[in-house]
Amino acid sequence: MEVTTSPANDVPPGSAFDAWRVRVLERAEFDRLGIGEQLEYFAAFALLAPTTHNTVPQRMRIDRDQRSIEFALDRRAILPQSDANGRQATISLGAAIANTVLAAEAYGLAAAMVAHPDVEPLIRPADVDDVPIVSVATVSFDALASPVRDLSWVSAMVRRKMVRAEFDERVKLDPSVASELASITQSVHAGLALHLISDAPTLLALGKFQELADSTVINRTAFARELAEWLVDNDSDQPLGMRGREFGLSDDAARRFRHGLAGIGPLLPDETAAFAKAGNIGMRSSSAVAVVAAARDDVEHRLAAGQAFEAMALRLTLAGFNVAMHAGITEVEAPNLALRGRLRTFSRPLVVFRVGKPLNIADSERPHSSRPRLADVLRESGT
Ligand SMILES: Cc1cc2nc3c(=O)[nH]c(=O)nc-3n(C[C@H](O)[C@H](O)[C@H](O)COP(=O)(O)O)c2cc1C
């Protein structure tokens with residue numbers, strides 16, 4: 001896979017960040033690749049998609065003859081405490097699929113996804129005796145008369161990252177971008193609805209629901225231990241997990257927080273409170289909070305919600321906005337119900353993310369998260 005030699009400022013050195021050095025090819029260069037290389041190129045973008053706790057659970061198998069990529073989940077990367085029924089992993093897989101589909105459209109290929117039937121009960125954290133990989137969906141590619149999407153969408157995949165910072169509440173989302181986000185959601189799946197909230201009283205309520213969700217989970221010992229396992233030191237070269245600096249934490253603060261969550265160091269009540277409060281402030285300061293709600297909470301809708309989320313995140317990146325995801329509010333039942341009440345909907349909120357521009361401009365320059373090598377997430381045929 002081709003990589004650039006001049007990385008962007010927010011891509012740290014080291015092999016754990018090589019995935020971000022993928023080069024956006026000109027269309028003529030892409031056309032000269034064989035089908036196998038083209039599909040591998042799309043897989044490189046699927047690797048850049050956001051995943052819960054940066055677990056990178058997606059596995060891909062390329063089939064040149066069928067011109068398809070099979071997307072699977074590695075159950076060993078489904079988290080027992082924060083994702084017992086695999087919802088977050090499935091949404092993450094949807095985001096990975098979105099990058100493939102959108103990249104294909106930009107390079108002149110149509111992509112069609114088919115979710116595999118009856119996999120829902122298998123999308124669970126793996127027990128020792130379980131088959132670890134579960135195949136979830138296949139995306140097939142066909143030539144289009146001409147590309148239907150600008151290559152800037154592919155560049156946005158390389159620039160996109162979560163920015164978990166306080167946003168500048170004075171910045172408003174342009175109504176035309178807001179209505180594009182609604183059409184993106186509808187075009188992914190008719191069973192999804194987008195609620196885009198930007199009025200101060202509702203943002204205040206959402207901030208409180210989020211704080212309730214975060215303080216509930218962080219005070220559960222098992223959840224805190226699991227989160228600690230997925231936090232890594234700022235100078236780590238591990239390919240998975242989240243560095244404290246991605247949350248705006250210094251080297252020391254990141255280590256202290258991880259040790260506290262792991263139970264091997266002190267974690268003061270006001271430190272856990274500050275963690276939950278950060279989400280609240282984040283919500284309140286946002287230009288908008290987006291809630292993707294689904295008619296049904298099943299694999300099909302979870303994949304679609306992940307696809308819609310990623311497509312919106314890329315559109316917002318192109319418009320100069322950052323996003324930050326908040327899964328607590330979708331996973332913890334009481335705040336999720338409160339959210340439904342506030343939105344006056346019977347649909348299930350599956351994805352909640354906030355949109356804005358950082359109040360402190362330096363926050364938008366925080367480094368990218370790490371990724372494994374493409375070879376580590378590609379499966380050989382027959383495996
Ligand atoms: C389904 C899903 C749920 C997530 N939930 C949270 C969350 O609750 N809080 C948070 O800070 N980040 C959350 N994230 C962001 C991931 O931690 C982030 O995508 C990952 O660390 C990779 O970083 P990147 O998106 O900047 O590449 C979530 C991402 C996904 C896809």
# chains A, B, ... in the order shown; residues from 1 in each chain; ligands from 1
call {"tool": "select_by_dssp", "arguments": {"residues": "range 88-128 of chain A", "states": "helix (DSSP H, G or I)", "output": "PyMOL selection string"}}
result
chain A and resi 88-106+120-122
call {"tool": "residues_near_ligand", "arguments": {"ligand": "ligand 1", "cutoff": "7 Å", "atoms": "only C-alpha atoms and all ligand atoms", "output": "ChimeraX atom specification"}}
result
/A:48-54,88-89,91-92,95,160-164,241-242,324-328,368-369
call {"tool": "write_last_selection", "arguments": {"atoms": "C-alpha atoms", "output": "short mmCIF file (atom, residue, chain, number, x, y, z; two decimals), in the first residue's frame"}}
result
data_model
loop_
_atom_site.label_atom_id
_atom_site.label_comp_id
_atom_site.auth_asym_id
_atom_site.auth_seq_id
_atom_site.Cartn_x
_atom_site.Cartn_y
_atom_site.Cartn_z
CA LEU A 48 -9.49 4.73 9.25
CA ALA A 49 -13.12 4.70 10.38
CA PRO A 50 -13.82 5.42 14.06
CA THR A 51 -14.48 2.44 16.33
CA THR A 52 -15.63 2.21 19.92
CA HIS A 53 -12.67 2.54 22.36
CA ASN A 54 -10.47 2.27 19.21
CA GLN A 88 -21.24 -0.39 19.59
CA ALA A 89 -19.09 -2.84 17.62
CA ILE A 91 -22.17 0.60 14.66
CA SER A 92 -18.38 0.77 14.30
CA ALA A 95 -18.74 3.28 9.90
CA ARG A 160 -11.40 13.07 10.30
CA LYS A 161 -10.83 12.42 13.99
CA MET A 162 -12.83 12.73 17.18
CA VAL A 163 -12.20 16.02 18.95
CA ARG A 164 -13.43 15.67 22.52
CA GLY A 241 -6.74 1.84 22.29
CA MET A 242 -6.99 5.53 23.11
CA ALA A 324 -17.31 13.76 19.22
CA MET A 325 -19.30 10.61 19.90
CA HIS A 326 -21.14 9.91 23.18
CA ALA A 327 -22.11 6.27 23.54
CA GLY A 328 -23.04 6.43 27.24
CA HIS A 368 -4.74 11.14 15.48
CA SER A 369 -5.44 7.84 17.20
#
call {"tool": "closest_residue", "arguments": {"among": "A:Thr330, A:Ser15, A:Thr272, A:Ser187", "to": "Ser82 in chain A", "atoms": "only C-alpha atoms"}}
result
A:Thr330
call {"tool": "closest_residue", "arguments": {"among": "A:Arg159, A:Asp130, A:Pro372, A:Glu271", "to": "Val11 in chain A", "atoms": "only C-alpha atoms"}}
result
A:Arg159
call {"tool": "residues_around", "arguments": {"residues": "Pro269 in chain A", "least_positions_apart": "6", "cutoff": "12 Å", "atoms": "only C-alpha atoms", "output": "ChimeraX atom specification"}}
result
/A:215,218-219,257,260-261,275-276
call {"tool": "write_last_selection", "arguments": {"atoms": "N, CA, C and O atoms", "output": "compact mmCIF listing (two decimals), in the first residue's frame"}}
result
# COMPACT_ATOMS: atom_id res chain seq x y z
N SER A 215 -21.45 9.30 34.55
CA SER A 215 -21.13 9.07 35.96
C SER A 215 -21.65 7.70 36.40
O SER A 215 -21.05 7.05 37.25
N ILE A 218 -18.85 5.17 34.93
CA ILE A 218 -17.50 5.31 35.46
C ILE A 218 -17.44 4.83 36.92
O ILE A 218 -16.40 4.40 37.41
N ASN A 219 -18.59 4.89 37.59
CA ASN A 219 -18.62 4.41 38.97
C ASN A 219 -18.88 2.91 39.08
O ASN A 219 -18.94 2.36 40.17
N PHE A 257 -5.03 8.88 35.46
CA PHE A 257 -6.43 8.52 35.22
C PHE A 257 -6.54 7.02 34.92
O PHE A 257 -7.40 6.32 35.46
N GLY A 260 -5.95 5.09 38.07
CA GLY A 260 -7.12 5.23 38.95
C GLY A 260 -8.24 4.31 38.50
O GLY A 260 -8.84 3.59 39.31
N LEU A 261 -8.52 4.30 37.18
CA LEU A 261 -9.60 3.45 36.67
C LEU A 261 -9.27 1.97 36.88
O LEU A 261 -10.14 1.15 37.14
N PHE A 275 -14.74 13.88 34.76
CA PHE A 275 -14.88 13.10 33.53
C PHE A 275 -16.31 13.23 32.99
O PHE A 275 -16.52 13.52 31.81
N ALA A 276 -17.28 13.03 33.89
CA ALA A 276 -18.68 13.11 33.47
C ALA A 276 -19.07 14.54 33.09
O ALA A 276 -19.82 14.77 32.14
call {"tool": "closest_residue", "arguments": {"among": "A:Ala273, A:Leu102, A:Val292, A:Ala126", "to": "Phe45 in chain A", "atoms": "only C-alpha atoms"}}
result
A:Leu102
